[in-house]
Amino acid sequence: MPHDSDILPTVLNPGDPCAGDEAHLVMGNPAHYAEFVKGALTPVEQRAAERGFHAAFQAWLAGTGPYEAMQPFVEALVLDHRPHWNGVEHHDKRPLLVADVPLPDEALADLVEDEVPDAGVLLERVTGDPYARPTVGTMAAIAWIESLGPNRRAVDAWADDERDRPLVQTMNRIDRAPPCLYVDGVAQLDINPRMCPPSGPSGVYVARAYRLGDGWAFSSKVDLPALPHLPTLERRLRAELWRLRIKERRATWEDVLRRHSEVVYRASAEGARRTLGASD
């Protein structure tokens, strides 16, 4: 019996060979397209545009097509909110709520070992490196991936049975925090300022910064050996946001960072390795 969710897709793109379900063709709901963006396409035309976008997206990832080839489909499907928000991206403007107790990465890594039987394979979706050794941070990052089925993550399975409700409350606080690339605690991606900590640990890393007591903490922290090229990283994440909006029309920039957190980690890690390669 086929699974609803695959750890790795059947067909791999050479430009993103460690991708999971996010590599598959995404189809939208014609009713949502008509209601939320009032687009001019018929359902048949919408399906054709979605397939065209997917083909252009995959070609760009593989290095066989330009980034600009996606743009006609983005415009037809109304996937970019910036023209409709005076050139500014649609952000999640909610503040982060304060957690009372910390949820250490060691605890997240342990629950992944308990809940996810294929964590070793899933590690590739975070690191982009099939030979990478697991660390506490990369294992903690897996906790937020839909690894147990659609909309089902290791943290969800754990929260269902965990009796320590303050810990579950902290999980929910971290869940709201978008994973972001940081340098010495300074966010390198344009996220809601209310979700940006004033400072943090030194170094280059991807993490979820959340409010804890009177300060901030960093969850699912994965250290990087170098700073990835930011324009390249932003283009990769924007393309992922367009893909998400085919299915979820009102998705914000922070939504794609949360929903496809593995892409944030993987693209950042791959970018860091390219930076190191260019400096050799």
# chains A, B, ... in the order shown; residues from 1 in each chain; ligands from 1
call {"tool": "select_by_dssp", "arguments": {"residues": "segment 36-73 of chain A", "states": "alpha helix (DSSP H)", "output": "list of chain:residue names"}}
result
A:Pro43, A:Val44, A:Glu45, A:Gln46, A:Arg47, A:Ala48, A:Ala49, A:Glu50, A:Arg51, A:Gly52, A:Phe53, A:His54, A:Ala55, A:Ala56, A:Phe57, A:Gln58, A:Ala59, A:Trp60, A:Leu61, A:Ala62, A:Gln71, A:Pro72, A:Phe73
call {"tool": "residues_around", "arguments": {"residues": "Tyr33 of chain A", "least_positions_apart": "4", "cutoff": "9 Å", "atoms": "only C-alpha atoms", "output": "list in words"}}
result
Gly28, Asn29, Val37, Lys38, Gly39, Leu41, Pro43, Gln46, Leu77, Val78, Ile246 and Arg249 of chain A
call {"tool": "write_last_selection", "arguments": {"atoms": "C-alpha atoms", "output": "PDB file, in the first residue's frame"}}
result
ATOM      1  CA  GLY A  28      -3.573  24.088  -6.017  1.00  0.00           C
ATOM      2  CA  ASN A  29      -7.287  24.373  -5.388  1.00  0.00           C
ATOM      3  CA  VAL A  37      -6.416  36.106  -5.630  1.00  0.00           C
ATOM      4  CA  LYS A  38      -9.307  36.460  -8.091  1.00  0.00           C
ATOM      5  CA  GLY A  39      -7.084  35.206 -10.887  1.00  0.00           C
ATOM      6  CA  LEU A  41      -7.152  31.539 -15.292  1.00  0.00           C
ATOM      7  CA  PRO A  43      -9.134  25.594 -13.797  1.00  0.00           C
ATOM      8  CA  GLN A  46      -4.406  26.939 -13.768  1.00  0.00           C
ATOM      9  CA  LEU A  77      -0.843  32.156 -10.654  1.00  0.00           C
ATOM     10  CA  VAL A  78      -0.412  35.300  -8.486  1.00  0.00           C
ATOM     11  CA  ILE A 246       0.198  27.266  -4.972  1.00  0.00           C
ATOM     12  CA  ARG A 249      -2.601  31.056  -0.977  1.00  0.00           C
TER      13      ARG A 249
END
call {"tool": "residues_around", "arguments": {"residues": "segment 141-148 of chain A", "least_positions_apart": "5", "cutoff": "6 Å", "atoms": "only C-alpha atoms", "output": "ChimeraX atom specification"}}
result
/A:112,153-155,220
call {"tool": "closest_residue", "arguments": {"among": "A:Asp21, A:Val264, A:Ala109, A:Val126", "to": "Trp158 of chain A", "atoms": "only C-alpha atoms"}}
result
A:Ala109
call {"tool": "residues_around", "arguments": {"residues": "Arg165 of chain A", "least_positions_apart": "4", "cutoff": "12 Å", "atoms": "only C-alpha atoms", "output": "compact mmCIF listing (two decimals) with N, CA and C atoms, in the first residue's frame"}}
result
# COMPACT_ATOMS: atom_id res chain seq x y z
N ALA A 99 8.11 31.65 26.45
CA ALA A 99 8.14 30.33 27.08
C ALA A 99 8.67 30.46 28.51
N ASP A 100 8.15 29.61 29.38
CA ASP A 100 8.57 29.65 30.80
C ASP A 100 9.77 28.75 31.08
N VAL A 101 9.87 27.64 30.33
CA VAL A 101 10.96 26.69 30.56
C VAL A 101 11.63 26.39 29.23
N LEU A 103 13.40 24.09 26.22
CA LEU A 103 13.31 22.76 25.63
C LEU A 103 14.64 22.51 24.93
N TRP A 158 5.20 13.48 20.02
CA TRP A 158 5.68 13.61 21.39
C TRP A 158 4.70 14.43 22.23
N ALA A 159 4.19 15.52 21.68
CA ALA A 159 3.30 16.40 22.45
C ALA A 159 2.00 15.71 22.82
N ASP A 160 1.57 14.74 22.01
CA ASP A 160 0.32 14.03 22.30
C ASP A 160 0.40 13.27 23.62
N ASP A 161 1.60 12.79 23.97
CA ASP A 161 1.74 11.92 25.14
C ASP A 161 2.54 12.55 26.28
N GLN A 169 4.20 23.47 26.04
CA GLN A 169 3.97 24.89 25.76
C GLN A 169 5.20 25.51 25.11
N THR A 170 6.38 25.16 25.59
CA THR A 170 7.60 25.67 24.97
C THR A 170 7.72 25.18 23.54
N MET A 171 7.37 23.91 23.29
CA MET A 171 7.40 23.40 21.93
C MET A 171 6.52 24.25 21.02
N ASN A 172 5.35 24.61 21.50
CA ASN A 172 4.46 25.44 20.71
C ASN A 172 5.03 26.84 20.47
